[in-house]
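**Student:** Got a structure for you, final_9.csv, holding CSV, C-alpha atoms.
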chain,number,residue,atom,x,y,z
A,1,MET,CA,-30.2,-54.0,34.4
A,2,GLY,CA,-28.9,-51.8,31.6
A,3,THR,CA,-30.0,-48.6,33.2
A,4,VAL,CA,-28.5,-49.5,36.5
A,5,PHE,CA,-25.1,-49.4,35.0
A,6,TYR,CA,-25.5,-45.9,33.6
A,7,ILE,CA,-27.3,-44.4,36.5
A,8,SER,CA,-24.8,-45.7,39.0
A,9,ALA,CA,-21.9,-44.6,36.8
A,10,GLY,CA,-23.4,-41.1,36.6
A,11,LEU,CA,-23.9,-41.1,40.4
A,12,ALA,CA,-20.3,-42.1,41.1
A,13,THR,CA,-18.9,-39.4,38.8
A,14,LEU,CA,-21.2,-36.8,40.3
A,15,SER,CA,-20.3,-37.9,43.9
A,16,VAL,CA,-16.6,-37.7,43.2
A,17,ALA,CA,-17.0,-34.3,41.6
A,18,LEU,CA,-18.9,-33.0,44.6
A,19,ALA,CA,-16.3,-34.4,46.9
A,20,MET,CA,-13.5,-32.7,45.1
A,21,SER,CA,-15.3,-29.4,45.2
A,22,SER,CA,-16.4,-29.4,48.9
A,23,ASN,CA,-14.8,-27.2,51.5
A,24,GLN,CA,-14.8,-29.4,54.5
A,25,ALA,CA,-13.0,-32.7,54.8
A,26,VAL,CA,-15.9,-34.6,56.3
A,27,HIS,CA,-18.2,-33.7,53.5
A,28,ALA,CA,-15.7,-34.9,50.9
A,29,LEU,CA,-15.3,-38.2,52.7
A,30,LEU,CA,-19.0,-38.8,52.9
A,31,TYR,CA,-19.4,-38.0,49.2
A,32,ILE,CA,-16.6,-40.5,48.5
A,33,LEU,CA,-18.5,-43.0,50.5
A,34,ALA,CA,-21.6,-42.4,48.3
A,35,ALA,CA,-19.4,-42.8,45.2
A,36,LEU,CA,-18.1,-46.1,46.6
A,37,LEU,CA,-21.6,-47.4,47.1
A,38,ALA,CA,-22.5,-46.3,43.6
A,39,LEU,CA,-19.5,-48.0,42.1
A,40,SER,CA,-20.3,-51.2,44.1
A,41,LEU,CA,-23.8,-51.2,42.5
A,42,ASN,CA,-22.0,-50.6,39.1
A,43,LEU,CA,-19.8,-53.6,39.6
A,44,PHE,CA,-22.7,-55.7,40.6
A,45,ALA,CA,-24.5,-54.7,37.4
A,46,LEU,CA,-21.4,-55.8,35.4
A,47,GLY,CA,-21.4,-59.2,37.1
A,48,ASN,CA,-18.5,-58.7,39.5
A,49,GLU,CA,-20.5,-59.3,42.6
A,50,LEU,CA,-17.4,-60.4,44.6
A,51,PHE,CA,-15.7,-57.1,44.1
A,52,ALA,CA,-18.9,-55.2,44.7
A,53,VAL,CA,-19.0,-56.7,48.2
A,54,LEU,CA,-15.3,-56.3,48.7
A,55,LEU,CA,-15.5,-52.6,47.8
A,56,VAL,CA,-18.1,-52.0,50.4
A,57,ILE,CA,-16.4,-54.0,53.1
A,58,VAL,CA,-12.8,-53.1,52.6
A,59,TYR,CA,-12.8,-49.7,50.9
A,60,ALA,CA,-15.9,-48.1,52.3
A,61,GLY,CA,-15.9,-50.0,55.5
A,62,ALA,CA,-12.3,-49.9,56.6
A,63,ILE,CA,-10.3,-47.4,54.6
A,64,MET,CA,-12.8,-44.5,54.5
A,65,VAL,CA,-13.7,-45.1,58.1
A,66,LEU,CA,-10.0,-44.8,59.0
A,67,PHE,CA,-9.9,-41.5,57.0
A,68,ILE,CA,-13.0,-40.2,58.9
A,69,PHE,CA,-11.4,-41.2,62.3
A,70,VAL,CA,-8.2,-39.3,61.5
A,71,VAL,CA,-10.1,-36.3,60.2
A,72,MET,CA,-12.1,-36.2,63.4
A,73,LEU,CA,-8.9,-36.5,65.4
A,74,LEU,CA,-7.1,-33.7,63.5
A,75,ASN,CA,-10.0,-31.3,63.0
A,76,PRO,CA,-12.0,-31.3,66.2
A,77,PRO,CA,-15.3,-29.6,66.1
A,78,PRO,CA,-15.5,-26.1,67.6
A,79,SER,CA,-16.2,-25.9,71.3
A,80,LYS,CA,-19.0,-23.5,70.8
A,81,VAL,CA,-21.5,-25.2,68.5
A,82,ALA,CA,-23.6,-22.8,66.4
A,83,PRO,CA,-27.3,-23.0,66.9
A,84,PHE,CA,-29.2,-25.2,64.5
A,85,SER,CA,-30.2,-23.5,61.3
A,86,LEU,CA,-32.7,-25.2,59.0
A,87,ARG,CA,-31.5,-23.4,55.9
A,88,ILE,CA,-27.9,-24.5,56.3
A,89,PHE,CA,-28.9,-28.0,57.2
A,90,VAL,CA,-31.1,-28.3,54.1
A,91,ARG,CA,-28.4,-26.9,51.9
A,92,GLN,CA,-25.8,-29.3,53.2
A,93,PHE,CA,-28.0,-32.3,53.4
A,94,LEU,CA,-29.7,-32.0,49.9
A,95,GLY,CA,-26.8,-33.3,47.8
A,96,PRO,CA,-26.1,-36.4,49.8
A,97,LEU,CA,-29.9,-37.0,50.3
A,98,ILE,CA,-30.5,-37.0,46.5
A,99,ILE,CA,-27.5,-39.2,45.8
A,100,SER,CA,-28.3,-41.8,48.5
A,101,SER,CA,-32.0,-41.9,47.6
A,102,VAL,CA,-31.1,-42.6,43.9
A,103,ILE,CA,-28.7,-45.3,44.9
A,104,PHE,CA,-31.3,-46.9,47.2
A,105,SER,CA,-33.9,-46.8,44.5
A,106,GLN,CA,-31.5,-48.5,42.1
A,107,PHE,CA,-30.8,-51.1,44.7
A,108,LEU,CA,-34.5,-51.7,45.2
A,109,MET,CA,-35.0,-52.0,41.4
A,110,VAL,CA,-32.3,-54.6,41.3
A,111,LEU,CA,-33.9,-56.6,44.1
A,112,ILE,CA,-37.4,-56.4,42.8
A,113,SER,CA,-36.9,-56.9,39.0
A,114,ARG,CA,-37.5,-60.4,37.9
A,115,GLU,CA,-35.4,-60.3,34.8
A,116,PRO,CA,-31.8,-61.6,35.0
A,117,THR,CA,-28.9,-59.3,34.7
A,118,GLN,CA,-28.7,-58.3,31.1
A,119,ILE,CA,-25.3,-56.7,31.1
A,120,VAL,CA,-23.1,-59.5,32.3
A,121,SER,CA,-19.6,-58.8,31.2
A,122,ASN,CA,-18.0,-61.1,33.7
A,123,GLN,CA,-17.8,-64.7,32.8
A,124,LEU,CA,-15.7,-65.8,35.8
A,125,SER,CA,-17.3,-66.9,39.0
A,126,SER,CA,-16.0,-66.2,42.5
A,127,GLN,CA,-14.8,-69.8,42.6
A,128,ASP,CA,-12.5,-69.2,39.6
A,129,ILE,CA,-11.1,-66.1,41.2
A,130,ALA,CA,-10.5,-67.8,44.5
A,131,SER,CA,-8.9,-70.9,42.9
A,132,ALA,CA,-6.6,-68.6,40.8
A,133,LEU,CA,-5.7,-66.8,44.0
A,134,PHE,CA,-5.0,-70.0,45.8
A,135,ASN,CA,-3.2,-72.0,43.1
A,136,ASP,CA,-1.3,-69.6,40.8
A,137,GLY,CA,-1.5,-66.4,42.8
A,138,TRP,CA,-0.3,-67.6,46.1
A,139,TYR,CA,2.8,-65.4,46.0
A,140,PHE,CA,0.4,-62.4,45.6
A,141,VAL,CA,-1.1,-63.4,48.9
A,142,GLU,CA,2.2,-63.9,50.6
A,143,MET,CA,3.6,-60.6,49.3
A,144,LEU,CA,0.4,-58.7,50.4
A,145,SER,CA,0.6,-60.3,53.9
A,146,MET,CA,4.2,-59.1,54.3
A,147,LEU,CA,3.2,-55.7,53.0
A,148,LEU,CA,0.3,-55.4,55.4
A,149,THR,CA,2.5,-56.5,58.3
A,150,ALA,CA,5.1,-53.9,57.4
A,151,ALA,CA,2.3,-51.3,57.2
A,152,PHE,CA,1.0,-52.3,60.6
A,153,VAL,CA,4.4,-52.1,62.2
A,154,GLY,CA,5.1,-48.8,60.5
A,155,ALA,CA,1.8,-47.2,61.5
A,156,PHE,CA,2.2,-48.4,65.1
A,157,HIS,CA,5.7,-46.9,65.3
A,158,LEU,CA,4.7,-43.7,63.7
A,159,GLY,CA,1.6,-43.3,65.8
A,160,LYS,CA,3.3,-43.7,69.1
A,161,ARG,CA,3.1,-40.8,71.4
A,162,ARG,CA,6.5,-39.2,71.9
A,163,LYS,CA,7.5,-37.0,74.8
A,164,ILE,CA,9.0,-34.0,73.0
B,1,MET,CA,-30.0,-45.5,26.0
B,2,ILE,CA,-26.5,-45.8,24.5
B,3,ALA,CA,-25.7,-49.4,23.6
B,4,MET,CA,-23.4,-51.0,26.1
B,5,SER,CA,-20.0,-51.4,24.5
B,6,ALA,CA,-16.9,-52.9,26.0
B,7,GLN,CA,-15.5,-49.4,26.6
B,8,MET,CA,-18.2,-47.9,28.8
B,9,PRO,CA,-16.6,-48.9,32.1
B,10,LEU,CA,-13.3,-47.6,30.8
B,11,TYR,CA,-14.9,-44.2,30.2
B,12,LEU,CA,-16.2,-44.2,33.8
B,13,ALA,CA,-12.7,-45.2,35.1
B,14,SER,CA,-11.1,-42.4,33.1
B,15,ALA,CA,-13.6,-39.8,34.3
B,16,ILE,CA,-13.1,-40.7,37.9
B,17,PHE,CA,-9.3,-40.7,37.4
B,18,VAL,CA,-9.4,-37.3,35.8
B,19,LEU,CA,-11.4,-35.9,38.7
B,20,GLY,CA,-8.9,-37.4,41.1
B,21,VAL,CA,-6.0,-35.8,39.2
B,22,PHE,CA,-7.8,-32.5,39.2
B,23,GLY,CA,-8.4,-32.7,42.9
B,24,PHE,CA,-4.8,-33.5,43.6
B,25,LEU,CA,-3.5,-30.6,41.6
B,26,VAL,CA,-5.9,-28.0,43.0
B,27,ARG,CA,-5.9,-28.8,46.7
B,28,ARG,CA,-3.5,-27.9,49.4
B,29,ASN,CA,-4.9,-29.8,52.4
B,30,LEU,CA,-3.0,-33.0,53.0
B,31,ILE,CA,-6.1,-35.0,53.6
B,32,PHE,CA,-7.6,-33.9,50.3
B,33,LEU,CA,-4.4,-34.8,48.5
B,34,PHE,CA,-4.4,-38.2,50.0
B,35,LEU,CA,-8.0,-38.7,49.2
B,36,SER,CA,-7.4,-37.8,45.6
B,37,VAL,CA,-4.6,-40.4,45.4
B,38,GLU,CA,-7.1,-43.0,46.8
B,39,ILE,CA,-9.7,-42.0,44.1
B,40,MET,CA,-7.0,-42.5,41.4
B,41,MET,CA,-6.2,-45.9,42.7
B,42,LEU,CA,-9.9,-46.8,42.8
B,43,ALA,CA,-10.3,-45.7,39.2
B,44,ALA,CA,-7.3,-47.8,38.2
B,45,GLY,CA,-8.6,-50.8,39.9
B,46,TYR,CA,-12.0,-50.4,38.2
B,47,ALA,CA,-10.2,-50.2,34.8
B,48,PHE,CA,-8.4,-53.4,35.6
B,49,LEU,CA,-11.8,-55.1,36.3
B,50,ALA,CA,-13.3,-53.7,33.1
B,51,ILE,CA,-10.5,-55.1,31.0
B,52,SER,CA,-10.6,-58.4,32.8
B,53,ASN,CA,-14.3,-58.7,32.1
B,54,GLU,CA,-13.7,-58.0,28.4
B,55,ASN,CA,-11.0,-60.6,28.0
B,56,SER,CA,-12.4,-63.1,30.5
B,57,ASP,CA,-9.0,-63.1,32.1
B,58,VAL,CA,-8.6,-63.7,35.9
B,59,ASP,CA,-5.4,-61.7,36.2
B,60,GLY,CA,-7.1,-58.4,36.2
B,61,GLN,CA,-9.3,-59.4,39.1
B,62,LEU,CA,-6.2,-60.6,41.0
B,63,MET,CA,-4.7,-57.1,40.3
B,64,PHE,CA,-7.8,-55.5,41.9
B,65,PHE,CA,-7.2,-57.6,45.0
B,66,MET,CA,-3.6,-56.3,45.1
B,67,ILE,CA,-4.7,-52.7,44.5
B,68,LEU,CA,-7.2,-53.0,47.4
B,69,ALA,CA,-4.6,-54.4,49.8
B,70,VAL,CA,-1.9,-51.9,48.7
B,71,ALA,CA,-4.4,-49.0,49.2
B,72,ALA,CA,-5.2,-50.2,52.7
B,73,ALA,CA,-1.6,-50.5,53.7
B,74,GLU,CA,-0.8,-47.1,52.1
B,75,VAL,CA,-3.7,-45.4,53.9
B,76,CYS,CA,-2.5,-46.9,57.2
B,77,VAL,CA,1.0,-45.5,57.0
B,78,GLY,CA,0.0,-42.3,55.2
B,79,LEU,CA,-2.5,-41.3,57.8
B,80,ALA,CA,0.0,-41.9,60.6
B,81,LEU,CA,2.5,-39.7,58.7
B,82,ILE,CA,-0.3,-37.0,58.4
B,83,ILE,CA,-0.9,-37.1,62.1
B,84,ARG,CA,2.9,-36.6,62.7
B,85,PHE,CA,2.9,-33.8,60.2
B,86,ASP,CA,0.1,-32.1,62.0
B,87,GLU,CA,1.7,-32.5,65.4
B,88,ARG,CA,5.0,-31.0,64.1
B,89,ASN,CA,3.7,-28.1,61.9
B,90,LYS,CA,0.4,-27.4,63.6
B,91,SER,CA,-1.2,-27.2,60.2
B,92,LEU,CA,-2.3,-29.5,57.4
B,93,ASN,CA,-1.3,-27.1,54.6
B,94,ALA,CA,1.1,-28.7,52.2
B,95,ASP,CA,2.8,-25.3,51.5
B,96,VAL,CA,4.0,-25.2,55.1
B,97,ALA,CA,6.6,-27.9,54.4
B,98,SER,CA,8.3,-26.3,51.4
B,99,HIS,CA,11.8,-25.7,52.8
B,100,LEU,CA,14.4,-28.3,53.3
B,101,LYS,CA,16.6,-28.1,56.4
B,102,GLY,CA,20.3,-27.8,56.3
As structure tokens, please, write out the structure in this file.

**Tutor:**
Amino acid sequence: MGTVFYISAGLATLSVALAMSSNQAVHALLYILAALLALSLNLFALGNELFAVLLVIVYAGAIMVLFIFVVMLLNPPPSKVAPFSLRIFVRQFLGPLIISSVIFSQFLMVLISREPTQIVSNQLSSQDIASALFNDGWYFVEMLSMLLTAAFVGAFHLGKRRKI
Amino acid sequence: MIAMSAQMPLYLASAIFVLGVFGFLVRRNLIFLFLSVEIMMLAAGYAFLAISNENSDVDGQLMFFMILAVAAAEVCVGLALIIRFDERNKSLNADVASHLKG
């Protein structure tokens, strides 16, 4: 498990660096998705499996998808699509292919290896976190629910079509 | 392999944060600016988790929950604003909106 932490950490940094240096918005978003998956594996190797799952579901599954939808809305593809070129396809596909295959190989290694997680930094179980959220941190939950309601109303109002 | 110390996750968090800051300073497209802010918040949340693991304190993990929800709310409103900006200025360049009216 020790190597999984380092490999996923390196992958996350590489993915973010490639995202920041890409020309197109969709490429950057997909590189950030790969970085989120690598960070999720990293958190799992540290013992925070609840946040690994939450990162995939909330961050990668909701927030980044929202980004991708808005980018598709604002930058529509050109009406005349260029013919398929293998060279350009391979050049654009090689980076994400390498990153996702290494993430997948680490995932398989975690599944197949019989030894328990050797780097376990986290001593708290999900039950501790949930009981803290429910008992002491209930005001966090209430504040966040009000914040999310306000964000929902604000986004609804801002996104309404106006007749100008 | 370098021995795992308590500071390895903090190095990773700072590396990702620095990349986010660099991306924020260099880019002009609004979507990239917003994405860099999201990366910075992700790095901060990861740092909270790293420190909470080291001290076995549950407060850092609650903070990560808050950061996650605040990021979701902020993305919601921020992207709606970006859509309005694009409708009004026909461009996503941040340099376009550099003059105040009146």

**Student:** With distances taken over only C-alpha atoms, which residue among B:Met8, B:Val77, B:Val37, B:Ala44 lies nearest chain A?

**Tutor:**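 Using only C-alpha atoms, chain A sits closest to B:Val77.
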
**Student:** So what do you get for atom CA of A:Leu158 versus atom CA of B:Ile83, distance-wise?

**Tutor:** 8.8 Å

**Student:** Which residues, written as a list of chain:residue names, have at least one atom at most 12 Å from B:Ser52, with all atoms listed in the file counted and residues fewer than 2 positions away on the same chain left out?

**Tutor:**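 In the requested form, the answer reads A:Leu46, A:Gly47, A:Asn48, A:Ser121, A:Asn122, A:Gln123, A:Leu124, A:Ile129, B:Ala6, B:Gln7, B:Pro9, B:Leu10, B:Gly45, B:Tyr46, B:Ala47, B:Phe48, B:Leu49, B:Ala50, B:Glu54, B:Asn55, B:Ser56, B:Asp57, B:Val58, B:Asp59, B:Gly60, B:Gln61, B:Leu62, B:Met63, B:Phe64.
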
**Student:** Write out the residues from the selection above, keeping C-alpha atoms, as a CSV table (one decimal), in the frame of the given file.

**Tutor:**
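Printed below is again-v6.csv as written:
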chain,number,residue,atom,x,y,z
A,46,LEU,CA,-21.4,-55.8,35.4
A,47,GLY,CA,-21.4,-59.2,37.1
A,48,ASN,CA,-18.5,-58.7,39.5
A,121,SER,CA,-19.6,-58.8,31.2
A,122,ASN,CA,-18.0,-61.1,33.7
A,123,GLN,CA,-17.8,-64.7,32.8
A,124,LEU,CA,-15.7,-65.8,35.8
A,129,ILE,CA,-11.1,-66.1,41.2
B,6,ALA,CA,-16.9,-52.9,26.0
B,7,GLN,CA,-15.5,-49.4,26.6
B,9,PRO,CA,-16.6,-48.9,32.1
B,10,LEU,CA,-13.3,-47.6,30.8
B,45,GLY,CA,-8.6,-50.8,39.9
B,46,TYR,CA,-12.0,-50.4,38.2
B,47,ALA,CA,-10.2,-50.2,34.8
B,48,PHE,CA,-8.4,-53.4,35.6
B,49,LEU,CA,-11.8,-55.1,36.3
B,50,ALA,CA,-13.3,-53.7,33.1
B,54,GLU,CA,-13.7,-58.0,28.4
B,55,ASN,CA,-11.0,-60.6,28.0
B,56,SER,CA,-12.4,-63.1,30.5
B,57,ASP,CA,-9.0,-63.1,32.1
B,58,VAL,CA,-8.6,-63.7,35.9
B,59,ASP,CA,-5.4,-61.7,36.2
B,60,GLY,CA,-7.1,-58.4,36.2
B,61,GLN,CA,-9.3,-59.4,39.1
B,62,LEU,CA,-6.2,-60.6,41.0
B,63,MET,CA,-4.7,-57.1,40.3
B,64,PHE,CA,-7.8,-55.5,41.9

**Student:** Give me, as JSON, numbers by chain, all polymer residues having an atom no more than 8 Å from A:Leu148, counting all atoms listed in the file and skipping those fewer than 6 positions away in the same chain.

**Tutor:** {"B": [69, 70, 73]}

**Student:** Would you mind reading off the distance between atom CA of A:Ile99 and atom CA of A:Tyr6, one decimal, in Å?

**Tutor:**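 Those two atoms sit 14.1 Å apart.
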
**Student:** Using only C-alpha atoms, find the one residue out of B:Ala94, B:Ala43, B:Leu81, B:Val18 that sits nearest to chain A.

**Tutor:**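 Among B:Ala94, B:Ala43, B:Leu81, B:Val18, it is B:Leu81 that comes nearest to chain A.
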
**Student:** What's around B:Leu30 at 9 Å? Count all atoms listed in the file, leave out sequence neighbours fewer than 6 positions away in its own chain, and write the answer as a ChimeraX atom specification.

**Tutor:** /B:82,92-94

**Student:** Identify, on the basis of only C-alpha atoms, every residue whose closest approach to A:Val110 does not exceed 8 Å; exclude the query and any residue fewer than 3 positions from it along the same chain; express the result as a PyMOL selection string.

**Tutor:** chain A and resi 1+4+106-107+113

**Student:** One number please: atom CA of A:Ala9 to atom CA of A:Val65, in Å, one decimal.

**Tutor:**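 Value for the atom CA of A:Ala9-atom CA of A:Val65 distance: 22.8 Å.
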
**Student:** Can you pull out every residue within 12 Å of B:Asn29, counting only C-alpha atoms, but drop anything in the same chain fewer than 4 positions away, and send it as number ranges by chain?

**Tutor:** A: 20, 23-25, 71, 74-75; B: 23-25, 33-36, 82, 85-86, 91-97

**Student:** Take the selection from the previous step and output its residues with C-alpha atoms, as a PDB file, in the coordinates of the input.

**Tutor:**
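Printed below is part-v5.pdb as written:
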ATOM      1  CA  MET A  20     -13.500 -32.700  45.100  1.00  0.00           C
ATOM      2  CA  ASN A  23     -14.800 -27.200  51.500  1.00  0.00           C
ATOM      3  CA  GLN A  24     -14.800 -29.400  54.500  1.00  0.00           C
ATOM      4  CA  ALA A  25     -13.000 -32.700  54.800  1.00  0.00           C
ATOM      5  CA  VAL A  71     -10.100 -36.300  60.200  1.00  0.00           C
ATOM      6  CA  LEU A  74      -7.100 -33.700  63.500  1.00  0.00           C
ATOM      7  CA  ASN A  75     -10.000 -31.300  63.000  1.00  0.00           C
TER       8      ASN A  75
ATOM      9  CA  GLY B  23      -8.400 -32.700  42.900  1.00  0.00           C
ATOM     10  CA  PHE B  24      -4.800 -33.500  43.600  1.00  0.00           C
ATOM     11  CA  LEU B  25      -3.500 -30.600  41.600  1.00  0.00           C
ATOM     12  CA  LEU B  33      -4.400 -34.800  48.500  1.00  0.00           C
ATOM     13  CA  PHE B  34      -4.400 -38.200  50.000  1.00  0.00           C
ATOM     14  CA  LEU B  35      -8.000 -38.700  49.200  1.00  0.00           C
ATOM     15  CA  SER B  36      -7.400 -37.800  45.600  1.00  0.00           C
ATOM     16  CA  ILE B  82      -0.300 -37.000  58.400  1.00  0.00           C
ATOM     17  CA  PHE B  85       2.900 -33.800  60.200  1.00  0.00           C
ATOM     18  CA  ASP B  86       0.100 -32.100  62.000  1.00  0.00           C
ATOM     19  CA  SER B  91      -1.200 -27.200  60.200  1.00  0.00           C
ATOM     20  CA  LEU B  92      -2.300 -29.500  57.400  1.00  0.00           C
ATOM     21  CA  ASN B  93      -1.300 -27.100  54.600  1.00  0.00           C
ATOM     22  CA  ALA B  94       1.100 -28.700  52.200  1.00  0.00           C
ATOM     23  CA  ASP B  95       2.800 -25.300  51.500  1.00  0.00           C
ATOM     24  CA  VAL B  96       4.000 -25.200  55.100  1.00  0.00           C
ATOM     25  CA  ALA B  97       6.600 -27.900  54.400  1.00  0.00           C
TER      26      ALA B  97
END

**Student:** From the options B:Ser14, B:Ser98, B:Asn53, B:Asn89, which residue's atoms come nearest to chain A, counting all atoms listed in the file?

**Tutor:**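 Among the listed residues, the smallest separation from chain A belongs to B:Asn53.
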
**Student:** Which of these, A:Val70, A:Leu94, A:Ile32, A:Met143, has the shortest distance to B:Glu38 once you count all atoms listed in the file?

**Tutor:**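 Result for the nearest residue to B:Glu38: A:Ile32.
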
**Student:** Given all atoms listed in the file as the basis, pick out the residue of A:Phe44, A:Phe84, A:Phe67, A:Phe89 nearest to chain B.

**Tutor:**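 With all atoms listed in the file as the atom set, the closest residue is A:Phe67.
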
**Student:** Restricting the calculation to all atoms listed in the file: of B:Leu100, B:Ala15, B:Val21, B:Met40, which residue gets closest to chain A?

**Tutor:**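 Answer, going by the shortest atom-to-atom distance: B:Ala15.
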
**Student:** Could you add the missing atoms to stretch 62-75 of chain A, up to N, CA, C and O atoms, and return them as a short mmCIF file (atom, residue, chain, number, x, y, z; two decimals), in the frame of the given file?

**Tutor:**
data_model
loop_
_atom_site.label_atom_id
_atom_site.label_comp_id
_atom_site.auth_asym_id
_atom_site.auth_seq_id
_atom_site.Cartn_x
_atom_site.Cartn_y
_atom_site.Cartn_z
N ALA A 62 -13.52 -49.97 55.78
CA ALA A 62 -12.30 -49.90 56.60
C ALA A 62 -11.49 -48.65 56.22
O ALA A 62 -11.14 -47.88 57.11
N ILE A 63 -11.21 -48.45 54.93
CA ILE A 63 -10.30 -47.40 54.60
C ILE A 63 -10.94 -46.02 54.78
O ILE A 63 -10.35 -45.11 55.38
N MET A 64 -12.18 -45.84 54.33
CA MET A 64 -12.80 -44.50 54.50
C MET A 64 -13.15 -44.26 55.95
O MET A 64 -13.14 -43.10 56.38
N VAL A 65 -13.45 -45.31 56.71
CA VAL A 65 -13.70 -45.10 58.10
C VAL A 65 -12.44 -44.66 58.83
O VAL A 65 -12.47 -43.79 59.71
N LEU A 66 -11.30 -45.22 58.40
CA LEU A 66 -10.00 -44.80 59.00
C LEU A 66 -9.75 -43.31 58.65
O LEU A 66 -9.33 -42.53 59.51
N PHE A 67 -10.06 -42.92 57.40
CA PHE A 67 -9.90 -41.50 57.00
C PHE A 67 -10.80 -40.63 57.93
O PHE A 67 -10.37 -39.58 58.42
N ILE A 68 -12.05 -41.07 58.14
CA ILE A 68 -13.00 -40.20 58.90
C ILE A 68 -12.49 -40.12 60.36
O ILE A 68 -12.55 -39.05 60.97
N PHE A 69 -11.95 -41.22 60.90
CA PHE A 69 -11.40 -41.20 62.30
C PHE A 69 -10.28 -40.17 62.37
O PHE A 69 -10.20 -39.38 63.31
N VAL A 70 -9.38 -40.22 61.40
CA VAL A 70 -8.20 -39.30 61.50
C VAL A 70 -8.65 -37.89 61.27
O VAL A 70 -8.14 -36.99 61.94
N VAL A 71 -9.64 -37.65 60.40
CA VAL A 71 -10.10 -36.30 60.20
C VAL A 71 -10.78 -35.77 61.50
O VAL A 71 -10.61 -34.61 61.90
N MET A 72 -11.51 -36.65 62.16
CA MET A 72 -12.10 -36.20 63.40
C MET A 72 -11.06 -35.96 64.47
O MET A 72 -11.23 -35.11 65.34
N LEU A 73 -9.93 -36.70 64.39
CA LEU A 73 -8.90 -36.50 65.40
C LEU A 73 -8.14 -35.17 65.11
O LEU A 73 -7.80 -34.45 66.04
N LEU A 74 -7.94 -34.83 63.81
CA LEU A 74 -7.10 -33.70 63.50
C LEU A 74 -7.94 -32.37 63.44
O LEU A 74 -7.40 -31.31 63.66
N ASN A 75 -9.20 -32.47 63.07
CA ASN A 75 -10.00 -31.30 63.00
C ASN A 75 -11.15 -31.40 64.03
O ASN A 75 -12.26 -31.76 63.66
#
